[in-house]
$ cat start.txt   # compact mmCIF, N, CA and C atoms and all ligand atoms
# COMPACT_ATOMS: atom_id res chain seq x y z
N MET C 1 0.84 -1.21 0.00
CA MET C 1 0.00 0.00 0.00
C MET C 1 0.88 1.26 0.00
N HIS C 2 0.54 2.16 -0.86
CA HIS C 2 1.24 3.43 -1.04
C HIS C 2 1.36 4.22 0.27
N GLU C 3 0.24 4.39 0.97
CA GLU C 3 0.22 5.17 2.21
C GLU C 3 1.07 4.53 3.30
N MET C 4 1.15 3.20 3.30
CA MET C 4 1.94 2.54 4.33
C MET C 4 3.42 2.86 4.17
N SER C 5 3.93 2.89 2.93
CA SER C 5 5.34 3.20 2.77
C SER C 5 5.62 4.66 3.13
N ILE C 6 4.66 5.53 2.86
CA ILE C 6 4.81 6.94 3.25
C ILE C 6 4.82 7.05 4.77
N ALA C 7 3.87 6.35 5.42
CA ALA C 7 3.79 6.38 6.88
C ALA C 7 5.09 5.88 7.51
N LEU C 8 5.64 4.82 6.95
CA LEU C 8 6.89 4.27 7.49
C LEU C 8 8.04 5.26 7.33
N SER C 9 8.08 5.96 6.20
CA SER C 9 9.19 6.90 6.03
C SER C 9 9.01 8.12 6.93
N ILE C 10 7.76 8.51 7.20
CA ILE C 10 7.53 9.61 8.15
C ILE C 10 8.02 9.20 9.54
N VAL C 11 7.68 7.98 9.94
CA VAL C 11 8.12 7.48 11.26
C VAL C 11 9.65 7.46 11.32
N ASP C 12 10.28 7.00 10.26
CA ASP C 12 11.75 6.99 10.20
C ASP C 12 12.34 8.37 10.41
N VAL C 13 11.79 9.33 9.68
CA VAL C 13 12.32 10.70 9.74
C VAL C 13 12.13 11.31 11.13
N VAL C 14 10.91 11.18 11.67
CA VAL C 14 10.64 11.84 12.96
C VAL C 14 11.35 11.16 14.13
N THR C 15 11.49 9.84 14.08
CA THR C 15 12.19 9.18 15.18
C THR C 15 13.69 9.49 15.12
N ALA C 16 14.24 9.60 13.91
CA ALA C 16 15.65 9.98 13.77
C ALA C 16 15.87 11.38 14.32
N LYS C 17 14.94 12.26 14.01
CA LYS C 17 15.02 13.65 14.49
C LYS C 17 14.93 13.69 16.02
N ALA C 18 14.01 12.92 16.57
CA ALA C 18 13.82 12.88 18.02
C ALA C 18 15.07 12.35 18.72
N GLU C 19 15.71 11.34 18.12
CA GLU C 19 16.95 10.80 18.69
C GLU C 19 18.06 11.83 18.68
N GLU C 20 18.14 12.54 17.56
CA GLU C 20 19.12 13.60 17.41
C GLU C 20 18.98 14.66 18.51
N GLU C 21 17.73 14.94 18.87
CA GLU C 21 17.44 15.97 19.87
C GLU C 21 17.36 15.38 21.28
N HIS C 22 17.63 14.10 21.41
CA HIS C 22 17.54 13.38 22.68
C HIS C 22 16.16 13.54 23.33
N ALA C 23 15.13 13.48 22.51
CA ALA C 23 13.77 13.62 23.02
C ALA C 23 13.27 12.28 23.56
N LYS C 24 12.38 12.37 24.54
CA LYS C 24 11.81 11.15 25.12
C LYS C 24 10.66 10.63 24.29
N LYS C 25 9.87 11.58 23.80
CA LYS C 25 8.79 11.15 22.91
C LYS C 25 8.39 12.26 21.95
N ILE C 26 7.56 11.87 21.02
CA ILE C 26 7.07 12.83 20.03
C ILE C 26 5.61 13.12 20.35
N ASN C 27 5.29 14.38 20.57
CA ASN C 27 3.92 14.74 20.93
C ASN C 27 3.01 14.91 19.73
N SER C 28 3.55 15.58 18.72
CA SER C 28 2.72 15.72 17.52
C SER C 28 3.57 15.98 16.29
N ILE C 29 2.97 15.65 15.17
CA ILE C 29 3.63 15.82 13.88
C ILE C 29 2.64 16.53 12.97
N GLU C 30 3.11 17.60 12.38
CA GLU C 30 2.27 18.36 11.46
C GLU C 30 2.69 18.08 10.03
N LEU C 31 1.74 17.71 9.21
CA LEU C 31 2.05 17.41 7.82
C LEU C 31 1.28 18.33 6.89
N GLU C 32 1.88 18.59 5.75
CA GLU C 32 1.16 19.28 4.68
C GLU C 32 1.01 18.30 3.53
N VAL C 33 -0.23 18.04 3.18
CA VAL C 33 -0.49 17.09 2.10
C VAL C 33 -1.30 17.78 1.02
N GLY C 34 -0.75 17.83 -0.16
CA GLY C 34 -1.45 18.46 -1.28
C GLY C 34 -2.62 17.60 -1.74
N LYS C 35 -3.68 18.26 -2.15
CA LYS C 35 -4.89 17.52 -2.56
C LYS C 35 -4.71 16.76 -3.86
N VAL C 36 -3.68 17.10 -4.63
CA VAL C 36 -3.43 16.30 -5.84
C VAL C 36 -2.14 15.49 -5.70
N SER C 37 -1.74 15.23 -4.45
CA SER C 37 -0.53 14.44 -4.21
C SER C 37 -0.79 12.94 -4.37
N GLY C 38 -2.06 12.56 -4.42
CA GLY C 38 -2.39 11.15 -4.56
C GLY C 38 -2.42 10.40 -3.26
N VAL C 39 -2.29 11.14 -2.15
CA VAL C 39 -2.30 10.50 -0.83
C VAL C 39 -3.69 10.61 -0.22
N GLU C 40 -4.18 9.49 0.23
CA GLU C 40 -5.48 9.43 0.90
C GLU C 40 -5.25 9.72 2.38
N VAL C 41 -5.77 10.87 2.84
CA VAL C 41 -5.48 11.34 4.20
C VAL C 41 -5.93 10.35 5.28
N GLU C 42 -7.15 9.85 5.17
CA GLU C 42 -7.66 8.92 6.18
C GLU C 42 -6.81 7.65 6.23
N SER C 43 -6.43 7.19 5.06
CA SER C 43 -5.61 6.00 4.96
C SER C 43 -4.22 6.25 5.55
N LEU C 44 -3.70 7.44 5.30
CA LEU C 44 -2.37 7.79 5.84
C LEU C 44 -2.41 7.82 7.37
N LYS C 45 -3.49 8.38 7.94
CA LYS C 45 -3.62 8.43 9.41
C LYS C 45 -3.64 7.02 9.99
N PHE C 46 -4.41 6.17 9.34
CA PHE C 46 -4.53 4.78 9.78
C PHE C 46 -3.17 4.08 9.71
N CYS C 47 -2.49 4.23 8.58
CA CYS C 47 -1.18 3.60 8.40
C CYS C 47 -0.16 4.16 9.37
N PHE C 48 -0.26 5.46 9.64
CA PHE C 48 0.70 6.06 10.55
C PHE C 48 0.58 5.46 11.94
N SER C 49 -0.66 5.29 12.43
CA SER C 49 -0.79 4.74 13.78
C SER C 49 -0.25 3.32 13.86
N ALA C 50 -0.38 2.57 12.76
CA ALA C 50 0.19 1.22 12.71
C ALA C 50 1.72 1.28 12.65
N ALA C 51 2.24 2.18 11.82
CA ALA C 51 3.69 2.28 11.62
C ALA C 51 4.40 2.82 12.87
N ALA C 52 3.71 3.70 13.61
CA ALA C 52 4.33 4.36 14.76
C ALA C 52 4.26 3.53 16.04
N LYS C 53 3.43 2.49 16.00
CA LYS C 53 3.25 1.64 17.18
C LYS C 53 4.60 1.13 17.68
N ASN C 54 4.76 1.17 19.02
CA ASN C 54 6.00 0.72 19.66
C ASN C 54 7.24 1.53 19.30
N THR C 55 7.03 2.74 18.78
CA THR C 55 8.15 3.66 18.60
C THR C 55 7.85 4.87 19.49
N ILE C 56 8.82 5.80 19.58
CA ILE C 56 8.56 6.98 20.41
C ILE C 56 7.56 7.93 19.74
N ALA C 57 7.16 7.58 18.53
CA ALA C 57 6.12 8.37 17.86
C ALA C 57 4.73 7.73 18.07
N GLY C 58 4.68 6.68 18.87
CA GLY C 58 3.45 5.93 19.06
C GLY C 58 2.26 6.72 19.58
N ASP C 59 2.53 7.74 20.42
CA ASP C 59 1.45 8.56 20.97
C ASP C 59 1.31 9.90 20.27
N ALA C 60 2.06 10.08 19.23
CA ALA C 60 2.05 11.38 18.56
C ALA C 60 0.74 11.63 17.83
N ALA C 61 0.26 12.86 17.94
CA ALA C 61 -0.93 13.25 17.18
C ALA C 61 -0.47 13.65 15.78
N LEU C 62 -1.16 13.13 14.80
CA LEU C 62 -0.83 13.48 13.43
C LEU C 62 -1.80 14.55 12.95
N VAL C 63 -1.25 15.73 12.70
CA VAL C 63 -2.08 16.86 12.26
C VAL C 63 -1.81 17.06 10.77
N ILE C 64 -2.86 16.92 9.98
CA ILE C 64 -2.67 17.02 8.53
C ILE C 64 -3.37 18.25 7.97
N HIS C 65 -2.58 19.08 7.30
CA HIS C 65 -3.15 20.24 6.60
C HIS C 65 -3.22 19.89 5.13
N GLU C 66 -4.41 19.95 4.59
CA GLU C 66 -4.54 19.66 3.16
C GLU C 66 -4.36 20.95 2.37
N ILE C 67 -3.52 20.87 1.36
CA ILE C 67 -3.19 22.05 0.57
C ILE C 67 -3.99 22.05 -0.73
N GLU C 68 -4.70 23.14 -0.95
CA GLU C 68 -5.47 23.28 -2.18
C GLU C 68 -4.51 23.41 -3.36
N PRO C 69 -4.79 22.73 -4.44
CA PRO C 69 -3.91 22.86 -5.59
C PRO C 69 -3.99 24.24 -6.22
N ALA C 70 -2.84 24.73 -6.67
CA ALA C 70 -2.80 26.02 -7.35
C ALA C 70 -1.94 25.90 -8.60
N GLY C 71 -2.32 26.66 -9.61
CA GLY C 71 -1.56 26.69 -10.85
C GLY C 71 -0.99 28.07 -11.07
N GLU C 72 0.08 28.13 -11.87
CA GLU C 72 0.64 29.43 -12.24
C GLU C 72 0.77 29.45 -13.75
N CYS C 73 0.28 30.54 -14.32
CA CYS C 73 0.31 30.68 -15.78
C CYS C 73 1.71 31.03 -16.25
N GLU C 74 2.20 30.28 -17.28
CA GLU C 74 3.53 30.55 -17.82
C GLU C 74 3.56 31.84 -18.62
N GLU C 75 2.42 32.22 -19.14
CA GLU C 75 2.36 33.40 -20.00
C GLU C 75 2.32 34.70 -19.19
N CYS C 76 1.44 34.75 -18.19
CA CYS C 76 1.24 36.02 -17.50
C CYS C 76 1.52 35.95 -16.00
N GLY C 77 1.82 34.77 -15.50
CA GLY C 77 2.22 34.65 -14.10
C GLY C 77 1.09 34.64 -13.08
N THR C 78 -0.15 34.68 -13.56
CA THR C 78 -1.29 34.65 -12.64
C THR C 78 -1.35 33.30 -11.91
N ARG C 79 -1.64 33.40 -10.61
CA ARG C 79 -1.85 32.18 -9.83
C ARG C 79 -3.33 31.99 -9.56
N PHE C 80 -3.80 30.78 -9.66
CA PHE C 80 -5.23 30.54 -9.46
C PHE C 80 -5.43 29.09 -9.03
N PRO C 81 -6.56 28.83 -8.35
CA PRO C 81 -6.81 27.46 -7.91
C PRO C 81 -7.11 26.55 -9.10
N VAL C 82 -6.62 25.34 -9.06
CA VAL C 82 -6.90 24.39 -10.14
C VAL C 82 -7.39 23.08 -9.53
N ASN C 83 -8.12 22.34 -10.32
CA ASN C 83 -8.47 21.01 -9.86
C ASN C 83 -8.19 19.99 -10.92
N PHE C 84 -7.46 20.42 -11.92
CA PHE C 84 -7.14 19.53 -13.01
C PHE C 84 -5.78 19.94 -13.56
N HIS C 85 -5.04 19.01 -14.11
CA HIS C 85 -3.68 19.31 -14.57
C HIS C 85 -3.61 20.25 -15.75
N TYR C 86 -4.62 20.23 -16.61
CA TYR C 86 -4.60 21.12 -17.76
C TYR C 86 -5.59 22.25 -17.53
N ALA C 87 -5.21 23.13 -16.63
CA ALA C 87 -6.11 24.21 -16.27
C ALA C 87 -5.89 25.40 -17.20
N LYS C 88 -6.95 26.13 -17.43
CA LYS C 88 -6.89 27.32 -18.28
C LYS C 88 -6.68 28.54 -17.39
N CYS C 89 -5.77 29.42 -17.78
CA CYS C 89 -5.50 30.62 -17.00
C CYS C 89 -6.75 31.50 -16.94
N GLU C 90 -7.06 31.93 -15.73
CA GLU C 90 -8.25 32.77 -15.52
C GLU C 90 -8.08 34.15 -16.14
N SER C 91 -6.82 34.56 -16.27
CA SER C 91 -6.54 35.92 -16.69
C SER C 91 -6.37 36.05 -18.20
N CYS C 92 -5.52 35.19 -18.80
CA CYS C 92 -5.25 35.36 -20.23
C CYS C 92 -5.75 34.19 -21.08
N GLY C 93 -6.24 33.14 -20.44
CA GLY C 93 -6.81 32.03 -21.20
C GLY C 93 -5.80 31.02 -21.71
N SER C 94 -4.52 31.20 -21.34
CA SER C 94 -3.47 30.27 -21.77
C SER C 94 -3.64 28.91 -21.08
N PHE C 95 -3.22 27.86 -21.79
CA PHE C 95 -3.24 26.53 -21.18
C PHE C 95 -1.87 26.13 -20.66
N LYS C 96 -0.90 27.04 -20.79
CA LYS C 96 0.45 26.75 -20.28
C LYS C 96 0.50 27.02 -18.78
N THR C 97 -0.02 26.08 -18.03
CA THR C 97 -0.13 26.26 -16.59
C THR C 97 0.76 25.25 -15.87
N ASN C 98 1.52 25.75 -14.93
CA ASN C 98 2.30 24.85 -14.08
C ASN C 98 1.58 24.66 -12.76
N ILE C 99 1.52 23.42 -12.31
CA ILE C 99 0.96 23.17 -10.98
C ILE C 99 2.06 23.56 -9.98
N VAL C 100 1.80 24.59 -9.18
CA VAL C 100 2.84 25.06 -8.26
C VAL C 100 2.60 24.61 -6.82
N SER C 101 1.40 24.18 -6.50
CA SER C 101 1.19 23.57 -5.20
C SER C 101 0.05 22.58 -5.29
N GLY C 102 -0.01 21.72 -4.28
CA GLY C 102 -1.06 20.71 -4.28
C GLY C 102 -0.50 19.31 -4.39
N ARG C 103 0.80 19.21 -4.72
CA ARG C 103 1.42 17.89 -4.83
C ARG C 103 2.33 17.59 -3.66
N GLU C 104 2.41 18.52 -2.71
CA GLU C 104 3.39 18.36 -1.65
C GLU C 104 3.03 17.29 -0.62
N LEU C 105 4.04 16.76 -0.05
CA LEU C 105 3.88 15.88 1.10
C LEU C 105 5.07 16.22 2.00
N LEU C 106 4.82 17.10 2.95
CA LEU C 106 5.90 17.65 3.75
C LEU C 106 5.65 17.46 5.23
N ILE C 107 6.73 17.25 5.96
CA ILE C 107 6.63 17.30 7.41
C ILE C 107 6.89 18.76 7.78
N LYS C 108 5.86 19.41 8.29
CA LYS C 108 5.96 20.84 8.56
C LYS C 108 6.62 21.09 9.91
N SER C 109 6.21 20.36 10.92
CA SER C 109 6.84 20.51 12.22
C SER C 109 6.68 19.25 13.06
N ILE C 110 7.57 19.13 14.01
CA ILE C 110 7.53 17.99 14.92
C ILE C 110 7.63 18.57 16.34
N MET C 111 6.68 18.19 17.21
CA MET C 111 6.73 18.63 18.61
C MET C 111 7.32 17.51 19.44
N LEU C 112 8.45 17.80 20.08
CA LEU C 112 9.13 16.79 20.86
C LEU C 112 9.00 17.07 22.35
N GLU C 113 9.08 15.99 23.13
CA GLU C 113 9.11 16.16 24.57
C GLU C 113 10.45 15.63 25.05
N SER C 114 11.19 16.49 25.74
CA SER C 114 12.52 16.05 26.14
C SER C 114 12.57 15.74 27.62
ZN ZN K 201 -2.24 33.74 -17.99
$ encode --input "start.txt" --output "structure tokens"
Amino acid sequence: MHEMSIALSIVDVVTAKAEEEHAKKINSIELEVGKVSGVEVESLKFCFSAAAKNTIAGDAALVIHEIEPAGECEECGTRFPVNFHYAKCESCGSFKTNIVSGRELLIKSIMLES
């Protein structure tokens, strides 16, 4: 399962960070997940609790911020919300649009208890 491998790598990253900081446990983890990243948020939460079990991240609250996808026009630089990869620019009508957000999967912050 896609979400399980993501959950496992999140656990790897946060536990390594906690060890580096000599933390006793991880209280919470904040994630940013883009709505067009292909990650199912509910499934990720479920996989995370399984992956974090018996680690110092086991009691951590997973806070997920979903990021609305946005496009940027190559012609005129306008930014606008998109829900499809081939979005039309709202301003000049160009189809040369780059998806500039919405695909991210980032660990935004980790709250540690030392
Ligand atoms: Zn444009």
$ residues_near_ligand --input "start.txt" --ligand "ligand ZN 201 (chain K)" --cutoff "12 Å" --atoms "only C-alpha atoms and all ligand atoms" --output "PyMOL selection string"
chain C and resi 71-80+87-98
$ write_last_selection --input "start.txt" --atoms "N, CA and C atoms" --output "tab-separated table (two decimals), in the frame of the given file"
chain	number	residue	atom	x	y	z
C	71	GLY	N	-2.32	26.66	-9.61
C	71	GLY	CA	-1.56	26.69	-10.85
C	71	GLY	C	-0.99	28.07	-11.07
C	72	GLU	N	0.08	28.13	-11.87
C	72	GLU	CA	0.64	29.43	-12.24
C	72	GLU	C	0.77	29.45	-13.75
C	73	CYS	N	0.28	30.54	-14.32
C	73	CYS	CA	0.31	30.68	-15.78
C	73	CYS	C	1.71	31.03	-16.25
C	74	GLU	N	2.20	30.28	-17.28
C	74	GLU	CA	3.53	30.55	-17.82
C	74	GLU	C	3.56	31.84	-18.62
C	75	GLU	N	2.42	32.22	-19.14
C	75	GLU	CA	2.36	33.40	-20.00
C	75	GLU	C	2.32	34.70	-19.19
C	76	CYS	N	1.44	34.75	-18.19
C	76	CYS	CA	1.24	36.02	-17.50
C	76	CYS	C	1.52	35.95	-16.00
C	77	GLY	N	1.82	34.77	-15.50
C	77	GLY	CA	2.22	34.65	-14.10
C	77	GLY	C	1.09	34.64	-13.08
C	78	THR	N	-0.15	34.68	-13.56
C	78	THR	CA	-1.29	34.65	-12.64
C	78	THR	C	-1.35	33.30	-11.91
C	79	ARG	N	-1.64	33.40	-10.61
C	79	ARG	CA	-1.85	32.18	-9.83
C	79	ARG	C	-3.33	31.99	-9.56
C	80	PHE	N	-3.80	30.78	-9.66
C	80	PHE	CA	-5.23	30.54	-9.46
C	80	PHE	C	-5.43	29.09	-9.03
C	87	ALA	N	-5.21	23.13	-16.63
C	87	ALA	CA	-6.11	24.21	-16.27
C	87	ALA	C	-5.89	25.40	-17.20
C	88	LYS	N	-6.95	26.13	-17.43
C	88	LYS	CA	-6.89	27.32	-18.28
C	88	LYS	C	-6.68	28.54	-17.39
C	89	CYS	N	-5.77	29.42	-17.78
C	89	CYS	CA	-5.50	30.62	-17.00
C	89	CYS	C	-6.75	31.50	-16.94
C	90	GLU	N	-7.06	31.93	-15.73
C	90	GLU	CA	-8.25	32.77	-15.52
C	90	GLU	C	-8.08	34.15	-16.14
C	91	SER	N	-6.82	34.56	-16.27
C	91	SER	CA	-6.54	35.92	-16.69
C	91	SER	C	-6.37	36.05	-18.20
C	92	CYS	N	-5.52	35.19	-18.80
C	92	CYS	CA	-5.25	35.36	-20.23
C	92	CYS	C	-5.75	34.19	-21.08
C	93	GLY	N	-6.24	33.14	-20.44
C	93	GLY	CA	-6.81	32.03	-21.20
C	93	GLY	C	-5.80	31.02	-21.71
C	94	SER	N	-4.52	31.20	-21.34
C	94	SER	CA	-3.47	30.27	-21.77
C	94	SER	C	-3.64	28.91	-21.08
C	95	PHE	N	-3.22	27.86	-21.79
C	95	PHE	CA	-3.24	26.53	-21.18
C	95	PHE	C	-1.87	26.13	-20.66
C	96	LYS	N	-0.90	27.04	-20.79
C	96	LYS	CA	0.45	26.75	-20.28
C	96	LYS	C	0.50	27.02	-18.78
C	97	THR	N	-0.02	26.08	-18.03
C	97	THR	CA	-0.13	26.26	-16.59
C	97	THR	C	0.76	25.25	-15.87
C	98	ASN	N	1.52	25.75	-14.93
C	98	ASN	CA	2.30	24.85	-14.08
C	98	ASN	C	1.58	24.66	-12.76
$ closest_residue --input "start.txt" --among "C:Leu62, C:Ile6, C:Ala70, C:Val39" --to "C:Val100" --atoms "only C-alpha atoms"
C:Ala70
$ atom_distance --input "start.txt" --atom1 "atom C of C:Ile67" --atom2 "atom CA of C:Ala18"
27.4 Å
$ closest_residue --input "start.txt" --among "C:Val33, C:Glu42, C:Lys24, C:Asn83" --to "C:Ala57" --atoms "all atoms listed in the file"
C:Lys24
$ atom_distance --input "start.txt" --atom1 "atom C of C:Ser28" --atom2 "atom C of C:Ile99"
27.4 Å
$ closest_residue --input "start.txt" --among "C:Leu106, C:Ile10, C:Leu31, C:Met4" --to "C:Glu66" --atoms "only N, CA and C atoms"
C:Leu31
$ atom_distance --input "start.txt" --atom1 "atom C of C:Val36" --atom2 "atom CA of C:Pro69"
7.6 Å
$ select_by_dssp --input "start.txt" --residues "chain C" --states "helix (DSSP H, G or I)" --output "PyMOL selection string"
chain C and resi 2-20+41-52
$ closest_residue --input "start.txt" --among "C:Ala61, C:Ala16, C:Ile29, C:Ala7" --to "C:Leu44" --atoms "all atoms listed in the file"
C:Ala7
$ select_by_dssp --input "start.txt" --residues "chain C" --states "strand (DSSP E)" --output "ChimeraX atom specification"
/C:25-34,61-67,70-73,79-81,97-101,105-113
$ write_last_selection --input "start.txt" --atoms "N, CA and C atoms" --output "compact mmCIF listing (two decimals), in the frame of the given file"
# COMPACT_ATOMS: atom_id res chain seq x y z
N LYS C 25 9.87 11.58 23.80
CA LYS C 25 8.79 11.15 22.91
C LYS C 25 8.39 12.26 21.95
N ILE C 26 7.56 11.87 21.02
CA ILE C 26 7.07 12.83 20.03
C ILE C 26 5.61 13.12 20.35
N ASN C 27 5.29 14.38 20.57
CA ASN C 27 3.92 14.74 20.93
C ASN C 27 3.01 14.91 19.73
N SER C 28 3.55 15.58 18.72
CA SER C 28 2.72 15.72 17.52
C SER C 28 3.57 15.98 16.29
N ILE C 29 2.97 15.65 15.17
CA ILE C 29 3.63 15.82 13.88
C ILE C 29 2.64 16.53 12.97
N GLU C 30 3.11 17.60 12.38
CA GLU C 30 2.27 18.36 11.46
C GLU C 30 2.69 18.08 10.03
N LEU C 31 1.74 17.71 9.21
CA LEU C 31 2.05 17.41 7.82
C LEU C 31 1.28 18.33 6.89
N GLU C 32 1.88 18.59 5.75
CA GLU C 32 1.16 19.28 4.68
C GLU C 32 1.01 18.30 3.53
N VAL C 33 -0.23 18.04 3.18
CA VAL C 33 -0.49 17.09 2.10
C VAL C 33 -1.30 17.78 1.02
N GLY C 34 -0.75 17.83 -0.16
CA GLY C 34 -1.45 18.46 -1.28
C GLY C 34 -2.62 17.60 -1.74
N ALA C 61 0.26 12.86 17.94
CA ALA C 61 -0.93 13.25 17.18
C ALA C 61 -0.47 13.65 15.78
N LEU C 62 -1.16 13.13 14.80
CA LEU C 62 -0.83 13.48 13.43
C LEU C 62 -1.80 14.55 12.95
N VAL C 63 -1.25 15.73 12.70
CA VAL C 63 -2.08 16.86 12.26
C VAL C 63 -1.81 17.06 10.77
N ILE C 64 -2.86 16.92 9.98
CA ILE C 64 -2.67 17.02 8.53
C ILE C 64 -3.37 18.25 7.97
N HIS C 65 -2.58 19.08 7.30
CA HIS C 65 -3.15 20.24 6.60
C HIS C 65 -3.22 19.89 5.13
N GLU C 66 -4.41 19.95 4.59
CA GLU C 66 -4.54 19.66 3.16
C GLU C 66 -4.36 20.95 2.37
N ILE C 67 -3.52 20.87 1.36
CA ILE C 67 -3.19 22.05 0.57
C ILE C 67 -3.99 22.05 -0.73
N ALA C 70 -2.84 24.73 -6.67
CA ALA C 70 -2.80 26.02 -7.35
C ALA C 70 -1.94 25.90 -8.60
N GLY C 71 -2.32 26.66 -9.61
CA GLY C 71 -1.56 26.69 -10.85
C GLY C 71 -0.99 28.07 -11.07
N GLU C 72 0.08 28.13 -11.87
CA GLU C 72 0.64 29.43 -12.24
C GLU C 72 0.77 29.45 -13.75
N CYS C 73 0.28 30.54 -14.32
CA CYS C 73 0.31 30.68 -15.78
C CYS C 73 1.71 31.03 -16.25
N ARG C 79 -1.64 33.40 -10.61
CA ARG C 79 -1.85 32.18 -9.83
C ARG C 79 -3.33 31.99 -9.56
N PHE C 80 -3.80 30.78 -9.66
CA PHE C 80 -5.23 30.54 -9.46
C PHE C 80 -5.43 29.09 -9.03
N PRO C 81 -6.56 28.83 -8.35
CA PRO C 81 -6.81 27.46 -7.91
C PRO C 81 -7.11 26.55 -9.10
N THR C 97 -0.02 26.08 -18.03
CA THR C 97 -0.13 26.26 -16.59
C THR C 97 0.76 25.25 -15.87
N ASN C 98 1.52 25.75 -14.93
CA ASN C 98 2.30 24.85 -14.08
C ASN C 98 1.58 24.66 -12.76
N ILE C 99 1.52 23.42 -12.31
CA ILE C 99 0.96 23.17 -10.98
C ILE C 99 2.06 23.56 -9.98
N VAL C 100 1.80 24.59 -9.18
CA VAL C 100 2.84 25.06 -8.26
C VAL C 100 2.60 24.61 -6.82
N SER C 101 1.40 24.18 -6.50
CA SER C 101 1.19 23.57 -5.20
C SER C 101 0.05 22.58 -5.29
N LEU C 105 4.04 16.76 -0.05
CA LEU C 105 3.88 15.88 1.10
C LEU C 105 5.07 16.22 2.00
N LEU C 106 4.82 17.10 2.95
CA LEU C 106 5.90 17.65 3.75
C LEU C 106 5.65 17.46 5.23
N ILE C 107 6.73 17.25 5.96
CA ILE C 107 6.63 17.30 7.41
C ILE C 107 6.89 18.76 7.78
N LYS C 108 5.86 19.41 8.29
CA LYS C 108 5.96 20.84 8.56
C LYS C 108 6.62 21.09 9.91
N SER C 109 6.21 20.36 10.92
CA SER C 109 6.84 20.51 12.22
C SER C 109 6.68 19.25 13.06
N ILE C 110 7.57 19.13 14.01
CA ILE C 110 7.53 17.99 14.92
C ILE C 110 7.63 18.57 16.34
N MET C 111 6.68 18.19 17.21
CA MET C 111 6.73 18.63 18.61
C MET C 111 7.32 17.51 19.44
N LEU C 112 8.45 17.80 20.08
CA LEU C 112 9.13 16.79 20.86
C LEU C 112 9.00 17.07 22.35
N GLU C 113 9.08 15.99 23.13
CA GLU C 113 9.11 16.16 24.57
C GLU C 113 10.45 15.63 25.05
$ closest_residue --input "start.txt" --among "C:Ile56, C:Val41, C:Phe46, C:Ser5" --to "C:Met111" --atoms "only C-alpha atoms"
C:Ile56
$ closest_residue --input "start.txt" --among "C:Ala23, C:Ile64, C:Val82, C:Leu8" --to "C:Gly102" --atoms "only C-alpha atoms"
C:Val82
$ residues_near_point --input "start.txt" --point "(3.6, 18.8, 22.6)" --cutoff "8 Å" --atoms "only N, CA and C atoms" --output "mmCIF file with N, CA and C atoms, keeping the file's coordinate frame"
data_model
loop_
_atom_site.group_PDB
_atom_site.id
_atom_site.type_symbol
_atom_site.label_atom_id
_atom_site.label_comp_id
_atom_site.auth_asym_id
_atom_site.auth_seq_id
_atom_site.Cartn_x
_atom_site.Cartn_y
_atom_site.Cartn_z
ATOM 1 N N ILE C 26 7.560 11.870 21.020
ATOM 2 C CA ILE C 26 7.070 12.830 20.030
ATOM 3 C C ILE C 26 5.610 13.120 20.350
ATOM 4 N N ASN C 27 5.290 14.380 20.570
ATOM 5 C CA ASN C 27 3.920 14.740 20.930
ATOM 6 C C ASN C 27 3.010 14.910 19.730
ATOM 7 N N SER C 28 3.550 15.580 18.720
ATOM 8 C CA SER C 28 2.720 15.720 17.520
ATOM 9 C C SER C 28 3.570 15.980 16.290
ATOM 10 N N ILE C 110 7.570 19.130 14.010
ATOM 11 C CA ILE C 110 7.530 17.990 14.920
ATOM 12 C C ILE C 110 7.630 18.570 16.340
ATOM 13 N N MET C 111 6.680 18.190 17.210
ATOM 14 C CA MET C 111 6.730 18.630 18.610
ATOM 15 C C MET C 111 7.320 17.510 19.440
ATOM 16 N N LEU C 112 8.450 17.800 20.080
ATOM 17 C CA LEU C 112 9.130 16.790 20.860
ATOM 18 C C LEU C 112 9.000 17.070 22.350
ATOM 19 N N GLU C 113 9.080 15.990 23.130
ATOM 20 C CA GLU C 113 9.110 16.160 24.570
ATOM 21 C C GLU C 113 10.450 15.630 25.050
#
